[in-house]
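*Asks:* File work_33.cif below, mmCIF, C-alpha atoms:
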```
data_coords
#
loop_
_atom_site.label_atom_id
_atom_site.label_comp_id
_atom_site.auth_asym_id
_atom_site.auth_seq_id
_atom_site.Cartn_x
_atom_site.Cartn_y
_atom_site.Cartn_z
CA MET A 1 1.39 28.53 -4.24
CA SER A 2 4.05 26.70 -2.17
CA LYS A 3 4.19 23.97 -4.82
CA PHE A 4 5.02 26.48 -7.55
CA LEU A 5 7.67 28.13 -5.36
CA GLY A 6 9.26 24.73 -4.80
CA ILE A 7 9.35 24.04 -8.53
CA PHE A 8 10.81 27.51 -9.14
CA PHE A 9 13.69 27.01 -6.70
CA LEU A 10 14.26 23.49 -8.01
CA SER A 11 14.65 24.90 -11.52
CA LEU A 12 17.37 27.25 -10.30
CA PHE A 13 19.56 24.32 -9.29
CA LEU A 14 18.72 21.75 -11.96
CA PRO A 15 21.44 22.78 -14.45
CA PHE A 16 24.18 21.36 -12.26
CA THR A 17 22.39 18.75 -10.15
CA LEU A 18 22.53 16.62 -13.30
CA TRP A 19 26.33 16.60 -13.09
CA GLY A 20 28.10 13.75 -11.34
CA TYR A 21 29.76 13.06 -8.01
CA VAL A 22 33.50 13.33 -7.50
CA GLY A 23 33.99 12.29 -3.85
CA SER A 24 35.12 14.29 -0.83
CA ARG A 25 38.82 13.88 -1.56
CA ALA A 26 38.35 15.98 -4.69
CA CYS A 27 37.14 18.80 -2.44
CA GLN A 28 40.28 18.55 -0.31
CA ARG A 29 42.46 19.94 -3.09
CA CYS A 30 40.96 23.41 -2.84
CA HIS A 31 39.44 23.28 0.66
CA PRO A 32 42.01 21.47 2.82
CA ARG A 33 41.06 23.14 6.13
CA VAL A 34 37.35 22.54 5.61
CA TYR A 35 38.06 18.94 4.60
CA ASP A 36 40.22 18.32 7.68
CA GLY A 37 37.55 19.85 9.90
CA TRP A 38 34.84 17.68 8.36
CA ARG A 39 37.00 14.60 8.99
CA SER A 40 36.88 15.44 12.72
CA THR A 41 33.05 15.29 12.79
CA LEU A 42 30.79 12.26 13.05
CA HIS A 43 29.39 12.46 9.52
CA PRO A 44 32.20 10.69 7.62
CA TYR A 45 31.94 7.61 9.84
CA MET A 46 28.21 6.91 9.83
CA LEU A 47 28.81 3.73 7.83
CA ARG A 48 32.12 1.98 7.30
CA LYS A 49 33.49 -1.34 6.14
CA ALA A 50 33.75 -3.75 9.05
CA SER A 51 37.11 -4.64 10.55
CA PRO A 52 38.40 -5.23 14.11
CA GLN A 53 39.90 -1.72 14.10
CA LYS A 54 36.59 -0.04 13.23
CA ILE A 55 34.36 -1.44 15.94
CA HIS A 56 34.05 -0.37 19.58
CA SER A 57 32.81 -3.64 21.03
CA PHE A 58 34.79 -6.67 22.17
CA TRP A 59 34.14 -9.18 19.38
CA LYS A 60 34.62 -12.45 21.18
CA GLY A 61 32.57 -14.97 23.14
CA THR A 62 28.95 -16.14 23.17
CA LEU A 63 25.94 -14.12 24.28
CA ARG A 64 22.52 -15.52 25.15
CA PHE A 65 19.20 -13.77 24.82
CA GLY A 66 16.33 -16.07 25.69
CA LYS A 67 16.66 -19.29 23.69
CA LYS A 68 19.04 -17.80 21.14
CA ALA A 69 22.83 -17.88 21.35
CA PHE A 70 25.04 -15.39 19.48
CA THR A 71 28.71 -16.22 18.98
CA LEU A 72 31.12 -13.43 18.00
CA ILE A 73 33.89 -14.74 15.73
CA GLN A 74 37.00 -12.94 14.52
CA LYS A 75 39.55 -14.40 12.13
CA GLY A 76 42.21 -11.98 10.97
CA GLN A 77 40.41 -8.93 9.58
CA ARG A 78 37.08 -10.73 9.15
CA LEU A 79 34.17 -10.72 11.58
CA TRP A 80 31.20 -13.09 11.76
CA LEU A 81 28.13 -13.49 13.90
CA GLU A 82 26.94 -17.04 14.46
CA ILE A 83 23.32 -17.47 15.50
CA SER A 84 22.21 -20.68 17.15
CA ASP A 85 18.45 -20.93 17.05
CA ASN A 86 16.86 -24.22 17.95
CA THR A 87 13.38 -22.74 18.27
CA ASP A 88 12.71 -22.59 14.53
CA ASN A 89 14.55 -25.77 13.47
CA LYS A 90 17.10 -23.81 11.47
CA GLY A 91 20.06 -24.82 13.56
CA THR A 92 23.21 -22.68 13.49
CA ARG A 93 23.74 -19.98 10.88
CA ARG A 94 26.82 -17.84 10.33
CA PHE A 95 26.70 -14.32 8.88
CA SER A 96 29.57 -12.15 7.72
CA VAL A 97 29.76 -8.69 9.29
CA ASP A 98 30.25 -6.48 6.24
CA TYR A 99 29.51 -2.98 7.56
CA VAL A 100 29.45 -1.14 10.89
CA MET A 101 27.03 1.72 11.56
CA GLY A 102 27.39 4.34 14.28
CA GLY A 103 29.58 3.85 17.32
CA ILE A 104 29.22 7.00 19.43
CA TRP A 105 25.97 6.11 21.19
CA LYS A 106 25.03 2.81 19.60
CA GLU A 107 26.85 0.51 17.19
CA LEU A 108 25.08 -1.79 14.74
CA TYR A 109 26.43 -4.50 12.45
CA LEU A 110 25.27 -5.29 8.93
CA THR A 111 25.44 -8.33 6.70
CA THR A 112 24.73 -8.79 2.99
CA PHE A 113 22.37 -11.54 1.84
CA PRO A 114 23.03 -13.44 -1.43
CA ASN A 115 20.21 -11.49 -3.12
CA GLY A 116 21.93 -8.17 -2.37
CA GLU A 117 19.76 -7.16 0.56
CA ILE A 118 21.68 -5.66 3.47
CA HIS A 119 20.30 -6.48 6.91
CA ILE A 120 21.05 -5.21 10.40
CA LEU A 121 22.21 -8.12 12.54
CA PRO A 122 20.26 -8.77 15.77
CA LEU A 123 22.94 -7.55 18.19
CA SER A 124 23.70 -3.89 18.99
CA TRP A 125 26.43 -2.53 21.24
CA LEU A 126 25.23 0.29 23.51
CA VAL A 127 28.43 2.29 23.82
CA GLU A 128 27.49 4.50 26.78
CA ASP A 129 25.74 1.72 28.67
CA GLY A 130 28.64 -0.67 27.98
CA GLN A 131 26.42 -3.62 27.15
CA TRP A 132 24.82 -5.60 24.37
CA GLU A 133 21.16 -5.53 23.44
CA ARG A 134 19.13 -7.66 21.12
CA ASN A 135 17.48 -5.33 18.61
CA ASN A 136 14.26 -5.87 16.71
CA TYR A 137 15.55 -5.11 13.21
CA TRP A 138 16.43 -8.70 12.31
CA PRO A 139 15.65 -10.02 9.80
CA LYS A 140 12.73 -7.95 8.54
CA THR A 141 14.49 -4.60 8.01
CA ILE A 142 16.07 -4.19 4.57
CA TYR A 143 18.73 -1.57 5.21
CA GLN A 144 18.66 -0.09 1.71
CA TYR A 145 15.00 0.87 2.09
CA LYS A 146 14.98 1.93 5.72
CA CYS A 147 18.31 3.59 6.54
CA MET A 148 21.07 3.58 3.96
CA GLY A 149 20.26 6.81 2.12
CA CYS A 150 21.26 8.83 5.19
CA HIS A 151 24.46 6.91 5.87
CA VAL A 152 26.16 7.12 2.48
CA THR A 153 26.56 9.75 -0.24
CA GLY A 154 25.02 9.39 -3.70
CA PHE A 155 22.88 6.37 -2.83
CA ARG A 156 21.00 4.43 -5.50
CA VAL A 157 19.19 1.08 -5.37
CA LYS A 158 17.20 -0.89 -7.94
CA LYS A 159 15.68 -4.32 -8.34
CA GLU A 160 16.96 -6.51 -11.17
CA GLY A 161 14.91 -9.68 -11.10
CA GLN A 162 15.37 -11.15 -7.63
CA GLN A 163 18.60 -9.21 -7.04
CA LEU A 164 18.80 -5.88 -5.20
CA VAL A 165 21.55 -3.79 -6.81
CA THR A 166 23.01 -1.06 -4.61
CA SER A 167 25.46 1.71 -5.44
CA TYR A 168 26.86 4.73 -3.62
CA GLU A 169 29.57 7.27 -4.26
CA GLU A 170 31.03 7.33 -0.77
CA LEU A 171 30.54 5.63 2.58
CA GLY A 172 29.43 8.08 5.24
CA VAL A 173 28.00 11.57 4.86
CA GLY A 174 30.46 13.25 2.49
CA CYS A 175 30.77 16.82 1.22
CA GLU A 176 28.38 16.18 -1.67
CA ALA A 177 25.66 14.87 0.63
CA CYS A 178 25.14 18.46 1.79
CA HIS A 179 26.53 20.47 -1.13
CA GLY A 180 25.35 18.39 -4.08
CA PRO A 181 27.44 16.72 -6.81
CA GLY A 182 30.72 18.54 -7.33
CA GLU A 183 31.72 17.73 -10.90
CA ALA A 184 30.33 20.97 -12.36
CA HIS A 185 31.93 22.98 -9.55
CA ILE A 186 35.38 21.55 -10.24
CA ALA A 187 35.04 22.09 -13.97
CA ALA A 188 33.77 25.67 -13.67
CA PRO A 189 36.01 28.73 -14.16
CA PRO A 190 36.75 30.83 -11.04
CA GLU A 191 33.97 33.32 -11.68
CA LYS A 192 31.39 30.48 -11.81
CA LYS A 193 32.53 28.52 -8.75
CA THR A 194 29.90 29.77 -6.32
CA GLU A 195 27.14 29.24 -8.89
CA THR A 196 27.95 25.58 -9.40
CA ILE A 197 27.77 24.25 -5.86
CA ILE A 198 25.12 24.34 -3.14
CA ASN A 199 25.90 26.26 0.02
CA PRO A 200 22.84 25.73 2.26
CA ALA A 201 23.52 28.95 4.16
CA ARG A 202 23.14 30.92 0.91
CA ILE A 203 19.84 29.38 -0.22
CA PRO A 204 17.36 32.28 0.05
CA ASN A 205 14.42 30.03 0.89
CA ALA A 206 14.98 29.03 4.53
CA ARG A 207 12.69 26.02 4.21
CA LEU A 208 14.72 24.60 1.33
CA ALA A 209 17.95 25.41 3.12
CA SER A 210 16.92 23.59 6.28
CA MET A 211 15.92 20.48 4.33
CA VAL A 212 19.60 19.76 3.75
CA CYS A 213 19.77 18.81 7.43
CA GLY A 214 16.16 17.71 7.72
CA ALA A 215 16.47 15.04 5.04
CA CYS A 216 18.25 12.83 7.57
CA HIS A 217 17.42 14.34 10.96
CA SER A 218 13.74 13.38 10.78
CA ARG A 219 11.54 10.30 10.76
CA GLY A 220 9.07 9.52 8.03
CA GLU A 221 8.66 7.77 4.73
CA THR A 222 8.13 8.46 1.05
CA VAL A 223 4.50 8.71 0.01
CA ASP A 224 4.65 5.26 -1.58
CA GLY A 225 5.80 3.82 1.76
CA ARG A 226 8.94 2.32 0.22
CA PHE A 227 11.73 4.38 1.79
CA ARG A 228 12.12 5.72 5.32
CA PHE A 229 14.10 8.71 4.03
CA PRO A 230 13.57 11.13 1.11
CA TYR A 231 15.09 8.88 -1.54
CA GLY A 232 16.68 10.84 -4.39
CA PHE A 233 16.83 14.13 -2.46
CA ARG A 234 19.59 16.51 -3.47
CA PRO A 235 20.54 19.72 -1.63
CA GLY A 236 18.74 22.77 -2.92
CA THR A 237 15.56 20.88 -3.81
CA SER A 238 12.43 20.12 -1.80
CA PHE A 239 11.28 16.77 -0.46
CA GLU A 240 7.96 17.94 0.98
CA PHE A 241 5.93 16.68 -2.01
CA TYR A 242 7.07 13.07 -1.75
CA TYR A 243 8.11 12.62 1.90
CA GLN A 244 5.86 12.68 4.95
CA PHE A 245 6.85 12.91 8.60
CA LYS A 246 5.98 10.07 10.93
CA PRO A 247 7.36 11.22 14.27
CA VAL A 248 7.30 9.20 17.49
CA LEU A 249 6.09 11.60 20.18
CA TYR A 250 5.15 11.91 23.81
CA PRO A 251 1.66 13.27 24.60
CA ASP A 252 2.99 16.84 24.88
CA GLY A 253 4.48 16.60 21.38
CA SER A 254 8.11 16.13 22.43
CA SER A 255 10.22 13.65 20.49
CA LYS A 256 10.37 10.24 22.11
CA VAL A 257 13.26 8.88 20.03
CA HIS A 258 16.32 10.10 18.15
CA TYR A 259 16.64 11.46 14.59
CA GLN A 260 13.77 13.91 14.99
CA GLN A 261 15.68 17.14 15.54
CA TYR A 262 14.40 18.66 12.30
CA TYR A 263 10.77 17.93 13.16
CA ASP A 264 11.29 19.50 16.61
CA TRP A 265 12.96 22.56 15.11
CA LEU A 266 10.20 23.13 12.53
CA ARG A 267 7.72 23.67 15.37
CA SER A 268 10.03 25.88 17.41
CA GLY A 269 10.44 29.60 17.85
CA HIS A 270 13.91 29.26 16.37
CA ALA A 271 12.44 28.14 13.04
CA ARG A 272 9.92 30.99 13.07
CA GLY A 273 12.71 33.44 13.87
CA GLY A 274 15.02 32.15 11.14
CA VAL A 275 17.61 30.55 13.45
CA MET A 276 19.07 27.75 11.33
CA CYS A 277 20.85 24.54 12.31
CA TRP A 278 24.27 25.95 11.40
CA ASP A 279 23.72 29.05 13.53
CA CYS A 280 24.23 26.80 16.56
CA HIS A 281 26.16 23.85 15.14
CA GLU A 282 29.53 23.67 13.45
CA VAL A 283 29.15 21.79 10.18
CA HIS A 284 32.81 21.42 9.29
CA ALA A 285 34.35 21.06 12.74
CA ARG A 286 34.08 18.95 15.86
CA GLY A 287 32.60 21.76 17.97
CA ARG A 288 33.51 23.28 21.30
CA ALA A 289 33.84 21.23 24.48
CA ASN A 290 31.18 18.69 23.47
CA ARG A 291 30.38 16.05 20.86
CA PHE A 292 27.33 17.81 19.44
CA GLN A 293 29.37 20.13 17.20
CA THR A 294 27.99 23.33 18.77
CA LYS A 295 29.82 26.59 18.24
CA LEU A 296 29.98 27.30 21.97
CA PRO A 297 29.57 25.00 24.98
CA ALA A 298 25.98 24.45 26.08
CA ASN A 299 24.54 27.44 27.91
CA LEU A 300 27.13 29.89 26.60
CA LEU A 301 25.71 29.31 23.15
CA CYS A 302 22.18 30.18 24.31
CA ARG A 303 23.26 33.28 26.22
CA ASN A 304 25.13 34.48 23.18
CA CYS A 305 21.70 35.49 21.85
CA HIS A 306 19.38 35.42 24.86
CA VAL A 307 19.78 37.84 27.77
CA VAL A 308 18.08 36.41 30.86
CA LYS A 309 17.72 38.09 34.25
CA ASN A 310 18.16 35.96 37.35
CA LYS A 311 14.72 36.33 38.78
CA GLY A 312 11.48 34.38 38.93
CA VAL A 313 11.76 30.96 37.31
CA HIS A 314 15.16 31.89 35.86
CA GLY A 315 16.43 32.56 39.36
CA ILE A 316 16.01 28.95 40.46
CA HIS A 317 19.34 27.87 39.00
CA SER A 318 22.18 30.28 39.62
CA VAL A 319 23.97 29.08 36.49
CA ASN A 320 20.81 29.38 34.33
CA ASN A 321 20.78 25.88 32.90
CA CYS A 322 19.18 26.78 29.55
CA VAL A 323 19.78 23.39 27.97
CA GLY A 324 18.59 21.41 30.98
CA CYS A 325 15.19 23.11 30.99
CA HIS A 326 14.62 24.07 27.35
CA MET A 327 16.35 21.09 25.72
CA PRO A 328 15.73 18.28 28.22
CA LEU A 329 17.00 14.77 27.66
CA VAL A 330 13.71 13.06 26.84
CA GLY A 331 14.49 11.14 23.62
CA ARG A 332 15.95 7.67 23.76
CA ARG A 333 18.63 5.91 21.70
CA GLY A 334 19.43 2.96 23.90
CA LEU A 335 18.52 2.20 27.50
CA ARG A 336 18.62 5.76 28.72
CA ARG A 337 17.14 9.05 27.62
CA ASP A 338 20.09 10.78 26.01
CA VAL A 339 18.58 12.84 23.18
CA HIS A 340 17.98 16.56 23.66
CA SER A 341 14.65 18.01 22.61
CA HIS A 342 15.03 20.58 19.82
CA HIS A 343 11.63 22.16 20.38
CA PHE A 344 13.36 24.62 22.77
CA ARG A 345 10.52 24.83 25.25
CA VAL A 346 10.30 23.71 28.85
CA ILE A 347 8.30 20.53 29.41
CA LEU A 348 6.47 21.37 32.62
CA PRO A 349 5.73 18.85 35.40
CA ASP A 350 2.06 19.57 34.73
CA TRP A 351 2.30 17.26 31.72
CA THR A 352 3.58 14.34 33.79
CA LEU A 353 0.82 14.92 36.34
CA ARG A 354 -1.76 15.06 33.57
CA ILE A 355 -0.61 11.77 31.99
CA GLY A 356 0.16 10.14 35.34
CA SER A 357 3.60 8.68 34.62
CA PHE A 358 7.10 10.03 34.04
CA GLU A 359 7.82 7.07 31.76
CA LYS A 360 4.86 7.93 29.56
CA GLN A 361 5.48 11.68 29.76
CA PRO A 362 8.81 12.99 31.11
CA ASN A 363 9.31 16.62 32.07
CA SER A 364 12.29 18.96 32.16
CA CYS A 365 12.58 19.03 35.96
CA ASN A 366 12.56 15.30 36.65
CA ALA A 367 14.68 14.60 33.54
CA CYS A 368 17.53 16.41 35.30
CA HIS A 369 19.70 14.05 37.37
CA TYR A 370 19.56 16.49 40.29
CA HIS A 371 15.76 16.24 40.52
CA ARG A 372 15.19 12.72 39.26
CA LYS A 373 14.04 11.52 42.71
CA ASP A 374 11.76 14.48 43.40
CA SER A 375 8.07 14.10 42.70
CA PRO A 376 6.42 15.99 39.83
CA GLU A 377 4.10 17.52 42.45
CA GLU A 378 7.10 19.03 44.28
CA MET A 379 8.54 20.34 41.02
CA LYS A 380 5.25 21.96 40.03
CA LYS A 381 4.97 23.60 43.44
CA ALA A 382 8.51 24.99 43.18
CA LEU A 383 7.81 26.46 39.74
CA ASP A 384 4.54 28.00 40.90
CA PHE A 385 6.33 29.67 43.81
CA ALA A 386 9.04 30.95 41.49
CA ARG A 387 6.50 32.41 39.08
CA GLU A 388 4.92 34.32 41.94
CA GLY A 389 8.33 35.68 42.94
CA LEU A 390 8.24 34.11 46.41
CA ASN A 391 11.28 32.95 48.38
CA PHE A 392 11.29 29.24 49.16
#
```
Would you mind writing the file out in structure tokens?
*Replies:*
Amino acid sequence: MSKFLGIFFLSLFLPFTLWGYVGSRACQRCHPRVYDGWRSTLHPYMLRKASPQKIHSFWKGTLRFGKKAFTLIQKGQRLWLEISDNTDNKGTRRFSVDYVMGGIWKELYLTTFPNGEIHILPLSWLVEDGQWERNNYWPKTIYQYKCMGCHVTGFRVKKEGQQLVTSYEELGVGCEACHGPGEAHIAAPPEKKTETIINPARIPNARLASMVCGACHSRGETVDGRFRFPYGFRPGTSFEFYYQFKPVLYPDGSSKVHYQQYYDWLRSGHARGGVMCWDCHEVHARGRANRFQTKLPANLLCRNCHVVKNKGVHGIHSVNNCVGCHMPLVGRRGLRRDVHSHHFRVILPDWTLRIGSFEKQPNSCNACHYHRKDSPEEMKKALDFAREGLNF
């Protein structure tokens, strides 16, 4: 039955998904405030052409990791990474830095091979940690197959002989990445405008609506194993018939790494209750007092819907730290755990005690900097006392 529903909703949007892309600047003409707000978010800058002005690291000097030496070279507006590797008899090789990805938490650098393959270079800059790391992407990861579809708009790739031919409409996540191609919308008369563009918030099927965000905020691969994102997905359609989740999880089911917010949310009470991504997050604006584009700062956002009395477990923290307990920092981008769980449930110390290690199974209490040195046994005891309503 679900398959036929998916086909039905897909047919509703097909008449104009066949139209072409026009680019985000075309949207600016009629939606200047929305366009300016979107420019203040992270989405437009997911992938950009490399230049000294568009990187956050200091591109100079030589770094050593084991037996390999990496020399950062800048000449004018061009950047190169020189790799000296005497362990495989290949000597010194120099690679042009053509693209930069990310830059808020982690920044990665990409080069283009002669056959058209784009590869992530072996050095990453951990912005918050202020240090370099040697990543494990090089040279096996072909960016077009593993990442690129979520970092550009209107992505296409095909093999022509030995050459990989790549095209995209716009670097970064543009308006049409979430709203679909805009050519039909621009050409339509005023009375047809809303019918010729996708507004995820107006899609009646909540599952299809949420896939607009979930297409990129999840980990998995197409059923043929070729792409690590739902290649060819367009807003308003379904990817569940050709894309399968492959999450990286802790034993309790919490996400261990980043880009799994959609998978978390699908299993949450918010999803069952119909609370969508954009109910909490601004999609066209920077957000309030944080970099996560939320409509209100942290706990104020939660208490806008949830009324909690300061007693029992909720009386432990006088400020009611909703996010700290229900969205603990357990996922990892770089060296530290800096990704909030979107399952919206407390990870109890019982889980750490059951597995035997905080590293293998973190919990909400010890993930908080205030309690990081306390033992899981102490945290469990405190929660048990609070549940019983005792003073301690």
*Asks:* For each of A:Ile355, A:Val330, A:Leu63, A:Ala50, take the minimum atom-to-atom distance to Gln131 (chain A), counting only C-alpha atoms, then give the residue where this is smallest.
*Replies:*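 Between A:Ile355, A:Val330, A:Leu63, A:Ala50, the residue approaching Gln131 (chain A) most closely is A:Leu63.
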*Asks:* A:Tyr168, A:Tyr262, A:Phe227, A:Phe58: which is nearest Ser124 (chain A), counting only C-alpha atoms?
*Replies:*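 The shortest atom-to-atom distance to Ser124 (chain A) comes from A:Phe58.
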*Asks:* For Lys49 (chain A), which of A:His369, A:Lys295, A:Lys311, A:Arg78 is the closest residue, counting only C-alpha atoms?
*Replies:*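 Counting only C-alpha atoms, the residue closest to Lys49 (chain A) is A:Arg78.
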*Asks:* Step by step: start from the point (31.2, -11.7, 19.3) in the file's coordinates, keep every protein, DNA or RNA residue that has an atom no farther than 12 Å from it, count all atoms listed in the file, and write the set as a ChimeraX atom specification.
*Replies:* /A:52,55-64,69-75,78-83,94-97,109,121-125,132
*Asks:* CA of Gly324 (chain A) and CA of Ser364 (chain A) are how many Å apart?
*Replies:*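 Calculated distance between CA of Gly324 (chain A) and CA of Ser364 (chain A) is 6.9 Å.
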*Asks:* On this file, the PyMOL selection byres ((chain A and resi 257) around 7) gives some set of residues; write that set as a PDB file with C-alpha atoms, in the coordinates of the input.
*Replies:*
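Wrote expr.pdb, looks like this:
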```pdb
ATOM      1  CA  VAL A 248       7.300   9.200  17.490  1.00  0.00           C
ATOM      2  CA  SER A 255      10.220  13.650  20.490  1.00  0.00           C
ATOM      3  CA  LYS A 256      10.370  10.240  22.110  1.00  0.00           C
ATOM      4  CA  HIS A 258      16.320  10.100  18.150  1.00  0.00           C
ATOM      5  CA  TYR A 259      16.640  11.460  14.590  1.00  0.00           C
ATOM      6  CA  GLY A 331      14.490  11.140  23.620  1.00  0.00           C
ATOM      7  CA  ARG A 332      15.950   7.670  23.760  1.00  0.00           C
ATOM      8  CA  ARG A 333      18.630   5.910  21.700  1.00  0.00           C
TER       9      ARG A 333
END
```
*Asks:* Which residues match the PyMOL selection byres ((chain A and resi 251) around 10) in the file above, as a list of chain:residue names?
*Replies:*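 When the PyMOL selection byres ((chain A and resi 251) around 10) is applied, the selected residues are A:Val248, A:Leu249, A:Tyr250, A:Asp252, A:Gly253, A:Ser254, A:Ser255, A:Lys256, A:Trp351, A:Thr352, A:Arg354, A:Ile355, A:Lys360, A:Gln361, A:Pro362.
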*Asks:* Measuring atom to atom with all atoms listed in the file, identify which of A:Arg207, A:His179, A:Lys246, A:Arg25 is nearest to Val283 (chain A).
*Replies:*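 Of A:Arg207, A:His179, A:Lys246, A:Arg25, the one nearest Val283 (chain A), counting all atoms listed in the file, is A:His179.
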*Asks:* Write out as a PyMOL selection string each polymer residue whose atoms come within 8 Å of Pro376 (chain A), counting all atoms listed in the file; drop sequence neighbours fewer than 6 positions from it.
*Replies:* chain A and resi 349-350+352-353+365-366
*Asks:* CA of Ile104 (chain A) and CA of Cys150 (chain A) are how many Å apart?
*Replies:*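 These two atoms are separated by 16.4 Å.
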*Asks:* If we count all atoms listed in the file, what is near Met327 (chain A) at a cut-off of 10 Å, once residues fewer than 6 positions away on the same chain are taken out, given as a list in words?
*Replies:*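 Contacts, with the query itself left out: Asn321, Val339, His340, Ser341, His342, His343, Phe344, Arg345, Val346, Ile347 and Ser364 of chain A.
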*Asks:* Generate a file of the selected residues that holds C-alpha atoms, formatted as a PDB file, keeping the file's coordinate frame.
*Replies:*
```pdb
ATOM      1  CA  ASN A 321      20.780  25.880  32.900  1.00  0.00           C
ATOM      2  CA  VAL A 339      18.580  12.840  23.180  1.00  0.00           C
ATOM      3  CA  HIS A 340      17.980  16.560  23.660  1.00  0.00           C
ATOM      4  CA  SER A 341      14.650  18.010  22.610  1.00  0.00           C
ATOM      5  CA  HIS A 342      15.030  20.580  19.820  1.00  0.00           C
ATOM      6  CA  HIS A 343      11.630  22.160  20.380  1.00  0.00           C
ATOM      7  CA  PHE A 344      13.360  24.620  22.770  1.00  0.00           C
ATOM      8  CA  ARG A 345      10.520  24.830  25.250  1.00  0.00           C
ATOM      9  CA  VAL A 346      10.300  23.710  28.850  1.00  0.00           C
ATOM     10  CA  ILE A 347       8.300  20.530  29.410  1.00  0.00           C
ATOM     11  CA  SER A 364      12.290  18.960  32.160  1.00  0.00           C
TER      12      SER A 364
END
```
*Asks:* In Å, how far is it from CA of Asn299 (chain A) to CA of Leu126 (chain A)?
*Replies:* 27.5 Å
